[in-house]
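Colleague: Below is the file protein15.cif, with mmCIF, C-alpha atoms.
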data_input
#
loop_
_atom_site.label_atom_id
_atom_site.label_comp_id
_atom_site.auth_asym_id
_atom_site.auth_seq_id
_atom_site.Cartn_x
_atom_site.Cartn_y
_atom_site.Cartn_z
CA MET A 1 83.51 -114.07 -61.03
CA GLY A 2 84.21 -117.49 -62.51
CA LYS A 3 84.70 -117.53 -66.25
CA LEU A 4 83.44 -120.20 -68.60
CA THR A 5 83.99 -120.18 -72.34
CA GLY A 6 81.64 -117.60 -73.78
CA ILE A 7 79.72 -116.94 -70.60
CA THR A 8 80.46 -115.43 -67.25
CA CYS A 9 78.84 -116.91 -64.20
CA SER A 10 79.04 -116.05 -60.52
CA SER A 11 81.45 -118.19 -58.50
CA GLY A 12 78.62 -118.93 -56.05
CA SER A 13 76.55 -120.42 -58.83
CA LEU A 14 79.45 -122.48 -60.11
CA ASN A 15 80.15 -123.86 -56.65
CA GLN A 16 76.63 -125.21 -56.46
CA MET A 17 76.51 -126.54 -59.99
CA ARG A 18 78.53 -129.47 -61.22
CA MET A 19 79.45 -130.35 -64.76
CA VAL A 20 77.71 -133.43 -66.11
CA ARG A 21 80.34 -135.79 -67.48
CA SER A 22 78.34 -138.76 -68.73
CA MET A 23 74.92 -139.79 -69.99
CA ARG A 24 74.70 -142.09 -66.98
CA GLU A 25 74.87 -139.08 -64.66
CA VAL A 26 71.94 -137.52 -66.50
CA GLU A 27 69.96 -140.75 -66.28
CA ASP A 28 70.68 -141.16 -62.57
CA ALA A 29 69.72 -137.58 -61.78
CA VAL A 30 66.45 -137.84 -63.72
CA ASN A 31 65.59 -141.13 -61.99
CA GLN A 32 66.28 -139.53 -58.63
CA ALA A 33 63.80 -136.74 -59.41
CA ARG A 34 61.20 -139.21 -60.72
CA ASN A 35 61.46 -141.57 -57.78
CA GLY A 36 58.20 -141.49 -55.82
CA ALA A 37 56.99 -138.42 -57.72
CA LYS A 38 53.21 -138.46 -58.01
CA GLU A 39 53.06 -135.16 -59.87
CA TYR A 40 56.30 -135.37 -61.81
CA CYS A 41 56.82 -132.48 -64.18
CA THR A 42 59.63 -131.66 -66.58
CA ASN A 43 60.65 -129.61 -69.57
CA PHE A 44 63.57 -131.95 -70.27
CA PHE A 45 62.85 -133.92 -73.46
CA PRO A 46 66.33 -134.26 -74.93
CA ASN A 47 67.09 -136.03 -78.15
CA ALA A 48 69.73 -138.62 -77.15
CA SER A 49 72.32 -137.69 -79.78
CA LYS A 50 71.94 -133.98 -79.04
CA LEU A 51 72.34 -134.64 -75.33
CA GLU A 52 75.48 -136.69 -75.97
CA GLY A 53 76.92 -133.72 -77.85
CA TRP A 54 76.12 -131.31 -75.01
CA VAL A 55 77.66 -133.62 -72.41
CA GLY A 56 80.67 -134.46 -74.58
CA HIS A 57 81.41 -130.77 -75.16
CA GLY A 58 81.18 -129.86 -71.48
CA GLU A 59 78.06 -127.75 -71.91
CA MET A 60 75.83 -129.53 -69.39
CA PHE A 61 75.69 -128.71 -65.69
CA CYS A 62 73.49 -130.05 -62.95
CA ASP A 63 72.15 -128.50 -59.76
CA GLU A 64 70.42 -130.94 -57.41
CA HIS A 65 67.83 -129.97 -54.81
CA GLU A 66 65.34 -131.90 -52.72
CA GLY A 67 62.54 -132.77 -55.14
CA THR A 68 64.04 -131.05 -58.18
CA ILE A 69 67.00 -131.56 -60.49
CA PHE A 70 68.01 -128.64 -62.66
CA PHE A 71 70.06 -129.14 -65.79
CA LEU A 72 71.72 -126.10 -67.28
CA ARG A 73 73.09 -126.07 -70.77
CA ARG A 74 75.61 -123.41 -71.59
CA ASP A 75 74.94 -121.61 -74.89
CA SER A 76 76.88 -118.76 -76.53
CA ASN A 77 76.17 -116.10 -73.90
CA PHE A 78 73.29 -117.47 -71.85
CA TRP A 79 71.97 -120.66 -70.22
CA HIS A 80 69.11 -122.99 -71.11
CA LEU A 81 67.40 -124.20 -67.95
CA PHE A 82 65.73 -127.62 -67.73
CA TYR A 83 64.00 -129.08 -64.70
CA CYS A 84 62.84 -132.49 -63.51
CA ALA A 85 60.63 -131.89 -60.47
CA ALA A 86 58.55 -134.04 -58.18
CA SER A 87 55.76 -131.44 -58.43
CA GLN A 88 55.17 -127.83 -59.46
CA PRO A 89 55.35 -126.58 -55.82
CA ALA A 90 58.76 -128.31 -55.50
CA LEU A 91 59.85 -126.60 -58.71
CA GLN A 92 58.79 -123.18 -57.46
CA GLN A 93 60.48 -123.65 -54.12
CA ASN A 94 63.74 -124.75 -55.69
CA LEU A 95 63.78 -122.05 -58.36
CA ALA A 96 63.97 -119.60 -55.48
CA SER A 97 67.24 -121.19 -54.35
CA LEU A 98 68.89 -121.29 -57.77
CA PRO A 99 71.58 -118.58 -57.48
CA LEU A 100 72.30 -118.55 -61.20
CA LEU A 101 68.97 -116.81 -61.84
CA ALA A 102 70.16 -113.73 -59.98
CA THR A 103 73.43 -113.43 -61.85
CA ASP A 104 73.21 -114.88 -65.35
CA PRO A 105 70.99 -114.72 -68.44
CA VAL A 106 68.72 -117.78 -68.44
CA VAL A 107 65.94 -119.00 -70.72
CA MET A 108 63.67 -121.98 -70.33
CA ASP A 109 61.16 -123.58 -72.67
CA VAL A 110 57.85 -124.93 -71.48
CA VAL A 111 56.04 -127.12 -73.96
CA GLY A 112 52.52 -128.52 -73.98
CA LYS A 113 48.93 -127.72 -74.87
CA LYS A 114 48.16 -124.04 -74.35
CA ALA A 115 45.36 -124.59 -71.81
CA GLU A 116 47.57 -126.88 -69.72
CA LEU A 117 50.47 -124.42 -69.42
CA ALA A 118 48.69 -121.49 -67.76
CA GLY A 119 49.47 -122.65 -64.21
CA LEU A 120 53.10 -123.37 -65.01
CA THR A 121 53.76 -120.05 -66.73
CA SER A 122 52.16 -118.22 -63.78
CA LEU A 123 54.47 -120.11 -61.45
CA LEU A 124 57.49 -119.15 -63.54
CA LYS A 125 56.41 -115.50 -63.59
CA ARG A 126 56.20 -115.57 -59.79
CA SER A 127 59.76 -116.98 -59.85
CA GLY A 128 61.12 -114.03 -61.82
CA PHE A 129 60.68 -115.18 -65.40
CA ARG A 130 58.83 -113.30 -68.10
CA HIS A 131 57.37 -114.41 -71.39
CA TYR A 132 60.04 -113.92 -74.06
CA GLN A 133 58.70 -115.65 -77.18
CA SER A 134 56.05 -118.16 -78.28
CA LEU A 135 56.42 -120.90 -80.84
CA PHE A 136 53.91 -123.44 -82.00
CA ARG A 137 54.21 -126.78 -83.67
CA MET A 138 52.87 -127.47 -87.15
CA THR A 139 52.28 -130.91 -88.62
CA ARG A 140 51.93 -132.08 -92.17
CA LEU A 141 50.48 -135.50 -92.83
CA THR A 142 51.49 -137.22 -96.04
CA ALA A 143 47.97 -137.07 -97.40
CA ALA A 144 48.69 -133.43 -98.25
CA ALA A 145 49.79 -132.99 -101.84
CA ILE A 146 52.99 -131.12 -102.69
CA PRO A 147 51.84 -127.89 -104.34
CA PRO A 148 53.20 -127.06 -107.79
CA THR A 149 55.81 -124.34 -108.18
CA LYS A 150 55.94 -121.62 -110.81
CA MET A 151 59.63 -120.90 -110.38
CA THR A 152 62.67 -123.03 -111.01
CA PRO A 153 66.02 -122.02 -109.57
CA ASN A 154 68.95 -122.28 -111.92
CA THR A 155 71.08 -123.99 -109.30
CA GLU A 156 71.15 -127.57 -108.08
CA ILE A 157 70.17 -128.94 -104.72
CA ALA A 158 73.08 -130.67 -103.02
CA ILE A 159 73.67 -132.62 -99.85
CA ALA A 160 75.64 -130.24 -97.66
CA GLY A 161 79.34 -131.00 -97.28
CA GLN A 162 81.93 -130.08 -94.67
CA ARG A 163 82.75 -126.82 -96.48
CA ASP A 164 79.14 -125.72 -95.93
CA CYS A 165 79.19 -126.12 -92.13
CA GLN A 166 80.57 -122.71 -91.19
CA PRO A 167 78.45 -120.80 -93.75
CA ILE A 168 75.35 -122.70 -92.52
CA HIS A 169 76.16 -121.81 -88.91
CA ASP A 170 76.82 -118.17 -89.82
CA LEU A 171 73.53 -117.87 -91.73
CA LEU A 172 71.55 -119.43 -88.86
CA VAL A 173 73.17 -117.11 -86.31
CA ARG A 174 72.52 -114.06 -88.51
CA THR A 175 68.89 -114.97 -89.08
CA PHE A 176 67.48 -116.51 -85.91
CA ASP A 177 67.20 -115.50 -82.28
CA SER A 178 69.39 -118.01 -80.42
CA ARG A 179 67.40 -117.56 -77.19
CA ALA A 180 64.17 -118.75 -78.79
CA GLU A 181 65.20 -120.82 -81.76
CA GLN A 182 68.00 -123.00 -80.43
CA ILE A 183 70.76 -122.45 -82.98
CA PRO A 184 72.80 -125.66 -83.23
CA PRO A 185 76.50 -125.35 -82.38
CA LEU A 186 78.99 -125.95 -85.18
CA TYR A 187 79.70 -129.52 -84.03
CA GLU A 188 76.00 -130.37 -84.30
CA ILE A 189 75.89 -128.98 -87.84
CA GLU A 190 78.97 -131.05 -88.71
CA ALA A 191 77.26 -134.18 -87.39
CA ALA A 192 74.10 -133.37 -89.36
CA VAL A 193 76.17 -132.87 -92.49
CA ALA A 194 77.94 -136.20 -91.91
CA ALA A 195 74.51 -137.84 -91.59
CA ALA A 196 73.30 -136.16 -94.84
CA ARG A 197 70.54 -134.26 -93.03
CA ILE A 198 71.12 -130.86 -94.61
CA ARG A 199 70.33 -129.88 -98.20
CA VAL A 200 71.75 -126.72 -99.70
CA ILE A 201 71.56 -124.62 -102.84
CA ARG A 202 74.71 -122.74 -103.73
CA ASN A 203 75.00 -119.87 -106.14
CA ALA A 204 78.48 -119.07 -107.40
CA GLU A 205 79.84 -121.01 -104.40
CA LYS A 206 77.84 -118.87 -101.98
CA LEU A 207 75.26 -120.51 -99.74
CA ALA A 208 71.88 -119.40 -101.10
CA GLY A 209 69.60 -121.55 -98.94
CA LEU A 210 69.43 -124.59 -96.71
CA LEU A 211 67.01 -127.12 -95.32
CA PHE A 212 67.99 -128.99 -92.15
CA PHE A 213 65.91 -131.98 -91.02
CA GLU A 214 65.90 -134.98 -88.70
CA THR A 215 64.03 -138.09 -89.76
CA GLN A 216 63.22 -140.85 -87.31
CA GLY A 217 61.21 -143.71 -88.78
CA VAL A 218 57.89 -142.36 -90.03
CA SER A 219 58.33 -138.86 -88.55
CA SER A 220 60.54 -136.06 -89.79
CA LEU A 221 61.31 -132.81 -87.99
CA LEU A 222 62.06 -129.85 -90.22
CA ARG A 223 64.52 -127.91 -88.08
CA TYR A 224 65.49 -125.03 -90.37
CA TRP A 225 64.41 -123.90 -93.79
CA LEU A 226 66.14 -120.73 -94.76
CA VAL A 227 67.08 -118.67 -97.79
CA ASP A 228 69.79 -116.02 -97.64
CA PRO A 229 68.14 -112.58 -98.06
CA GLY A 230 70.21 -111.99 -101.23
CA PHE A 231 68.63 -115.00 -102.94
CA ARG A 232 64.98 -114.65 -102.01
CA ALA A 233 62.11 -114.70 -104.55
CA GLN A 234 64.15 -116.91 -106.89
CA GLY A 235 62.53 -120.25 -106.08
CA VAL A 236 65.36 -121.41 -103.80
CA GLY A 237 63.16 -122.10 -100.78
CA SER A 238 60.47 -123.75 -102.84
CA ALA A 239 62.98 -126.07 -104.51
CA LEU A 240 64.44 -127.11 -101.16
CA MET A 241 61.06 -127.80 -99.58
CA ARG A 242 59.73 -129.76 -102.56
CA CYS A 243 62.91 -131.82 -102.67
CA TYR A 244 62.71 -132.53 -98.93
CA LEU A 245 59.06 -133.64 -99.04
CA ALA A 246 59.62 -135.80 -102.10
CA GLU A 247 62.78 -137.39 -100.67
CA GLN A 248 60.97 -138.84 -97.63
CA PRO A 249 58.52 -141.40 -99.07
CA SER A 250 58.26 -143.41 -95.86
CA VAL A 251 57.55 -140.41 -93.64
CA ARG A 252 53.92 -140.14 -92.53
CA ARG A 253 54.24 -137.06 -90.33
CA PHE A 254 56.34 -133.94 -90.89
CA LEU A 255 56.78 -131.59 -87.94
CA LEU A 256 58.26 -128.14 -87.36
CA TRP A 257 58.28 -125.36 -84.78
CA VAL A 258 57.64 -121.79 -85.86
CA VAL A 259 57.71 -118.47 -84.00
CA ALA A 260 54.06 -117.54 -83.46
CA SER A 261 54.55 -113.95 -84.66
CA ASN A 262 56.28 -114.97 -87.91
CA SER A 263 53.18 -114.76 -90.08
CA GLU A 264 55.19 -114.82 -93.31
CA ALA A 265 56.78 -118.18 -92.44
CA ILE A 266 53.47 -119.60 -91.17
CA LYS A 267 51.81 -118.70 -94.48
CA LYS A 268 54.54 -120.53 -96.37
CA TYR A 269 54.25 -123.61 -94.19
CA GLU A 270 50.47 -123.63 -94.67
CA HIS A 271 51.07 -123.49 -98.41
CA TYR A 272 52.97 -126.78 -98.11
CA GLY A 273 50.22 -128.44 -96.09
CA PHE A 274 51.42 -127.82 -92.52
CA ASN A 275 48.83 -126.98 -89.85
CA PRO A 276 49.08 -126.14 -86.14
CA ASP A 277 48.70 -129.32 -84.05
CA GLY A 278 47.97 -127.67 -80.69
CA LEU A 279 51.41 -127.90 -79.11
CA VAL A 280 53.00 -124.62 -78.01
CA ASP A 281 56.43 -123.70 -76.66
CA TYR A 282 56.61 -120.67 -74.36
CA VAL A 283 60.15 -119.39 -74.08
CA MET A 284 60.53 -117.79 -70.66
CA ALA A 285 63.47 -115.54 -69.75
CA ASN A 286 64.83 -114.13 -66.53
CA ASP A 287 65.57 -110.41 -66.09
CA LYS A 288 69.18 -110.80 -67.26
CA ILE A 289 67.90 -111.42 -70.80
CA ARG A 290 67.08 -108.16 -72.52
CA PRO A 291 63.85 -108.04 -74.58
CA MET B 1 45.17 -154.83 -77.02
CA ASN B 2 42.62 -153.35 -79.40
CA ALA B 3 41.55 -150.87 -76.72
CA LEU B 4 45.15 -149.68 -76.34
CA ALA B 5 45.66 -149.42 -80.08
CA GLU B 6 42.47 -147.34 -80.35
CA LEU B 7 43.62 -145.11 -77.51
CA LEU B 8 46.95 -144.53 -79.26
CA LYS B 9 45.12 -143.87 -82.52
CA GLY B 10 43.30 -141.08 -80.70
CA ILE B 11 46.66 -139.43 -80.05
CA ARG B 12 48.28 -140.10 -83.42
CA PRO B 13 45.52 -141.04 -85.90
CA GLU B 14 47.93 -141.25 -88.82
CA PHE B 15 49.74 -144.35 -87.54
CA ASP B 16 48.88 -148.04 -87.27
CA PHE B 17 50.16 -148.96 -83.82
CA THR B 18 49.51 -152.66 -84.31
CA ALA B 19 52.20 -152.75 -87.01
CA SER B 20 55.16 -151.64 -84.91
CA SER B 21 57.20 -153.23 -82.14
CA ASN B 22 59.02 -150.03 -81.26
CA PHE B 23 56.90 -146.88 -81.48
CA ILE B 24 59.78 -144.60 -80.51
CA ALA B 25 62.44 -145.97 -82.86
CA ASP B 26 59.85 -146.02 -85.65
CA GLY B 27 59.06 -142.34 -85.05
CA MET B 28 55.42 -142.95 -84.11
CA LEU B 29 55.64 -141.50 -80.59
CA ASP B 30 57.90 -138.68 -79.42
CA SER B 31 58.51 -137.34 -75.92
CA PHE B 32 55.54 -134.97 -76.12
CA ASP B 33 53.23 -137.75 -77.32
CA MET B 34 54.41 -139.83 -74.36
CA VAL B 35 53.30 -137.09 -71.95
CA THR B 36 49.89 -136.97 -73.68
CA LEU B 37 49.65 -140.76 -73.57
CA VAL B 38 50.42 -140.87 -69.84
CA ALA B 39 47.69 -138.28 -69.17
CA THR B 40 45.26 -140.27 -71.35
CA LEU B 41 46.07 -143.57 -69.60
CA ASP B 42 45.69 -141.91 -66.18
CA LYS B 43 42.29 -140.51 -67.13
CA THR B 44 40.98 -143.58 -68.97
CA TYR B 45 41.92 -146.11 -66.29
CA GLY B 46 41.70 -143.89 -63.19
CA ILE B 47 45.35 -144.41 -62.27
CA SER B 48 48.32 -142.17 -61.60
CA ILE B 49 51.46 -143.35 -63.40
CA GLU B 50 54.47 -142.35 -61.33
CA GLY B 51 57.37 -140.34 -62.69
CA VAL B 52 59.77 -143.26 -62.37
CA ASP B 53 57.63 -145.19 -64.88
CA ILE B 54 57.55 -142.44 -67.50
CA VAL B 55 60.47 -143.81 -69.48
CA PRO B 56 60.60 -144.78 -73.17
CA GLU B 57 61.05 -148.49 -72.37
CA HIS B 58 57.47 -148.64 -71.07
CA PHE B 59 56.02 -147.09 -74.22
CA GLN B 60 57.80 -149.09 -76.91
CA ASN B 61 54.82 -151.16 -78.04
CA LEU B 62 51.39 -152.44 -77.05
CA ASP B 63 52.88 -155.23 -74.90
CA THR B 64 55.14 -152.95 -72.85
CA ILE B 65 52.29 -150.48 -72.27
CA ALA B 66 50.03 -153.36 -71.20
CA SER B 67 52.75 -154.55 -68.77
CA LEU B 68 53.00 -151.06 -67.32
CA LEU B 69 49.24 -150.87 -66.84
CA LYS B 70 49.27 -154.28 -65.17
CA LYS B 71 51.61 -152.83 -62.53
CA TYR B 72 48.82 -150.34 -61.74
CA GLY B 73 46.19 -153.07 -61.59
CA VAL B 74 44.77 -152.56 -65.08
CA ALA B 75 44.37 -155.74 -67.14
CA ILE B 76 44.38 -155.31 -70.92
CA ALA B 77 42.97 -158.22 -72.90
#
Have the structure of the file written as structure tokens, please.
Modeller:
Amino acid sequence: MGKLTGITCSSGSLNQMRMVRSMREVEDAVNQARNGAKEYCTNFFPNASKLEGWVGHGEMFCDEHEGTIFFLRRDSNFWHLFYCAASQPALQQNLASLPLLATDPVVMDVVGKKAELAGLTSLLKRSGFRHYQSLFRMTRLTAAAIPPTKMTPNTEIAIAGQRDCQPIHDLLVRTFDSRAEQIPPLYEIEAAVAAARIRVIRNAEKLAGLLFFETQGVSSLLRYWLVDPGFRAQGVGSALMRCYLAEQPSVRRFLLWVVASNSEAIKKYEHYGFNPDGLVDYVMANDKIRP
Amino acid sequence: MNALAELLKGIRPEFDFTASSNFIADGMLDSFDMVTLVATLDKTYGISIEGVDIVPEHFQNLDTIASLLKKYGVAIA
């Protein structure tokens, strides 16, 4: 067995996969898959800065087949699988010759409108994947008013600093399912902190809550909004959300992804004017991922 | 160009696509919107945009989308 940091992978799989060492390699591989493809399909929609981080930290691998390029991103103890395929039949054929699926825990996200994903999820089930989790996207347009709050926390909202990075990472890991909710590695949190994209509330120097966002022009993605269980029902979450919405006057569209079964979170998002916009994310897992 | 702007408005009604020269940098279109837009263009104009053309550079603004359509024999006034 070959050993990578944090994950074990069969030597056969490693022989077939190669580490991606530059953004150019990613670009070339994607172009190769797209070339001449009449029914091109992909689940690879990387944010450029995130992708640079994955490549720069040696987390990205590539496995090339006729008609399909697979990218594999190494996470803590499993792999994220991305594909760029000339067609769905090409994808199915090449999934069958991906040795990693027989040896290692792998998840893949498929994103789109619910009605359009039925064929793809059936294909993945025939290739040994099962449905692991569903998320859906919610959107808030700026016409929605910020609802009033009845509670005021006795602590101030701050822009997260370097000392907050590890506590933020720890809280995210403790709270979310990394297979479905894509916990950012510590270096990504550090970059977000450096870019002033995380707000926190501290209580006696302990991290009480955080809000992590990415704004691009007139759109803003709310990545994480979280209150430590010890500080709930004290207005911490409300203060963070109201601050975030008020701080983005030029944003016209706020977006977030939420686990479909998390009715408590969905109710809160609806309270702040978010509504489902029809996009779903089915997280599929192979049999090496335990339910 | 009005027809294209209207078509984009159908995907993202909250934005004015005539006021931007870079929809992606301005946050008006993301990767998922691009996929929807390609499907809409295919259906509206009876074409099949190839994978090699589904790159952000072709969806930056009304002019670049019109140039892409021209490649597939669609003229946008």
Colleague: For the file shown, what are the residues hit by the PyMOL selection byres ((chain B and resi 53-69) around 7), laid out as a list in words?
Modeller: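 Selected by the PyMOL selection byres ((chain B and resi 53-69) around 7) in this file: Met1, Leu4, Ser20, Ser21, Asn22, Phe23, Ile24, Ile49, Glu50, Gly51, Val52, Lys70, Lys71, Tyr72, Gly73, Val74, Ala75 and Ile76 of chain B.
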Colleague: Specify as a ChimeraX atom specification all residues of chain A found within 6 Å of chain B, counting all atoms listed in the file.
Modeller: /A:34-35,37-38,40,216-219
Colleague: Could you spell out the hits of the PyMOL selection byres ((chain A and resi 252-262) around 10) on the shown file, as number ranges by chain?
Modeller: A: 133-143, 180-181, 213-215, 217-225, 245, 248-251, 263-267, 269, 273-277, 279-282; B: 12, 14-15, 27-28
Colleague: To one decimal place in Å, what is the distance between CA of Asn94 in chain A and CA of Ile69 in chain A?
Modeller: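 Calculated distance between CA of Asn94 in chain A and CA of Ile69 in chain A is 8.9 Å.
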Colleague: Here is a test: counting all atoms listed in the file, which residue of A:Leu172, A:Ala233, A:Leu117, A:Ile157 is nearest to Ile201 in chain A?
Modeller: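 Comparing A:Leu172, A:Ala233, A:Leu117, A:Ile157 against Ile201 in chain A, the winner is A:Ile157.
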Colleague: Could you check how far CA of Phe212 in chain A sits from CA of Leu226 in chain A, in Å to one decimal?
Modeller: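 Between these atoms lies a distance of 8.9 Å.
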Colleague: Run the PyMOL selection byres ((chain A and resi 199) around 8) mentally over the shown coordinates, then write out the matched residues as a list in words, using the chain letters and numbers from the document.
Modeller: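 Applying the PyMOL selection byres ((chain A and resi 199) around 8) to the structure shown produces Ile157, Ala158, Ile159, Ala160, Ala196, Arg197, Ile198, Val200, Ile201, Leu210, Leu211, Phe212 and Leu240 of chain A.
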Colleague: Determine, counting all atoms listed in the file, which protein, DNA and RNA residues have an atom within 12 Å of an atom of Ser122 in chain A; residues of the same chain fewer than 3 positions away are not included. Present the result as a list in words.
Modeller: Gln88, Pro89, Gln92, Val110, Glu116, Leu117, Ala118, Gly119, Lys125, Arg126, Ser127, Gly128, Phe129, Arg130, His131, Tyr282 and Met284 of chain A
Colleague: Please save C-alpha atoms of the selected residues as an mmCIF file, in the frame of the given file.
Modeller:
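Result file part24.cif:
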data_model
loop_
_atom_site.group_PDB
_atom_site.id
_atom_site.type_symbol
_atom_site.label_atom_id
_atom_site.label_comp_id
_atom_site.auth_asym_id
_atom_site.auth_seq_id
_atom_site.Cartn_x
_atom_site.Cartn_y
_atom_site.Cartn_z
ATOM 1 C CA GLN A 88 55.170 -127.830 -59.460
ATOM 2 C CA PRO A 89 55.350 -126.580 -55.820
ATOM 3 C CA GLN A 92 58.790 -123.180 -57.460
ATOM 4 C CA VAL A 110 57.850 -124.930 -71.480
ATOM 5 C CA GLU A 116 47.570 -126.880 -69.720
ATOM 6 C CA LEU A 117 50.470 -124.420 -69.420
ATOM 7 C CA ALA A 118 48.690 -121.490 -67.760
ATOM 8 C CA GLY A 119 49.470 -122.650 -64.210
ATOM 9 C CA LYS A 125 56.410 -115.500 -63.590
ATOM 10 C CA ARG A 126 56.200 -115.570 -59.790
ATOM 11 C CA SER A 127 59.760 -116.980 -59.850
ATOM 12 C CA GLY A 128 61.120 -114.030 -61.820
ATOM 13 C CA PHE A 129 60.680 -115.180 -65.400
ATOM 14 C CA ARG A 130 58.830 -113.300 -68.100
ATOM 15 C CA HIS A 131 57.370 -114.410 -71.390
ATOM 16 C CA TYR A 282 56.610 -120.670 -74.360
ATOM 17 C CA MET A 284 60.530 -117.790 -70.660
#
Colleague: State, in Å with one decimal place, the distance from CA of Gly112 in chain A to CA of Val283 in chain A.
Modeller: 11.9 Å
Colleague: Using only C-alpha atoms, which residue out of A:Arg232, A:Lys288, A:Lys206, A:Arg74 lies closest to Pro167 in chain A?
Modeller: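 Under the stated criterion, the closest residue is A:Lys206.
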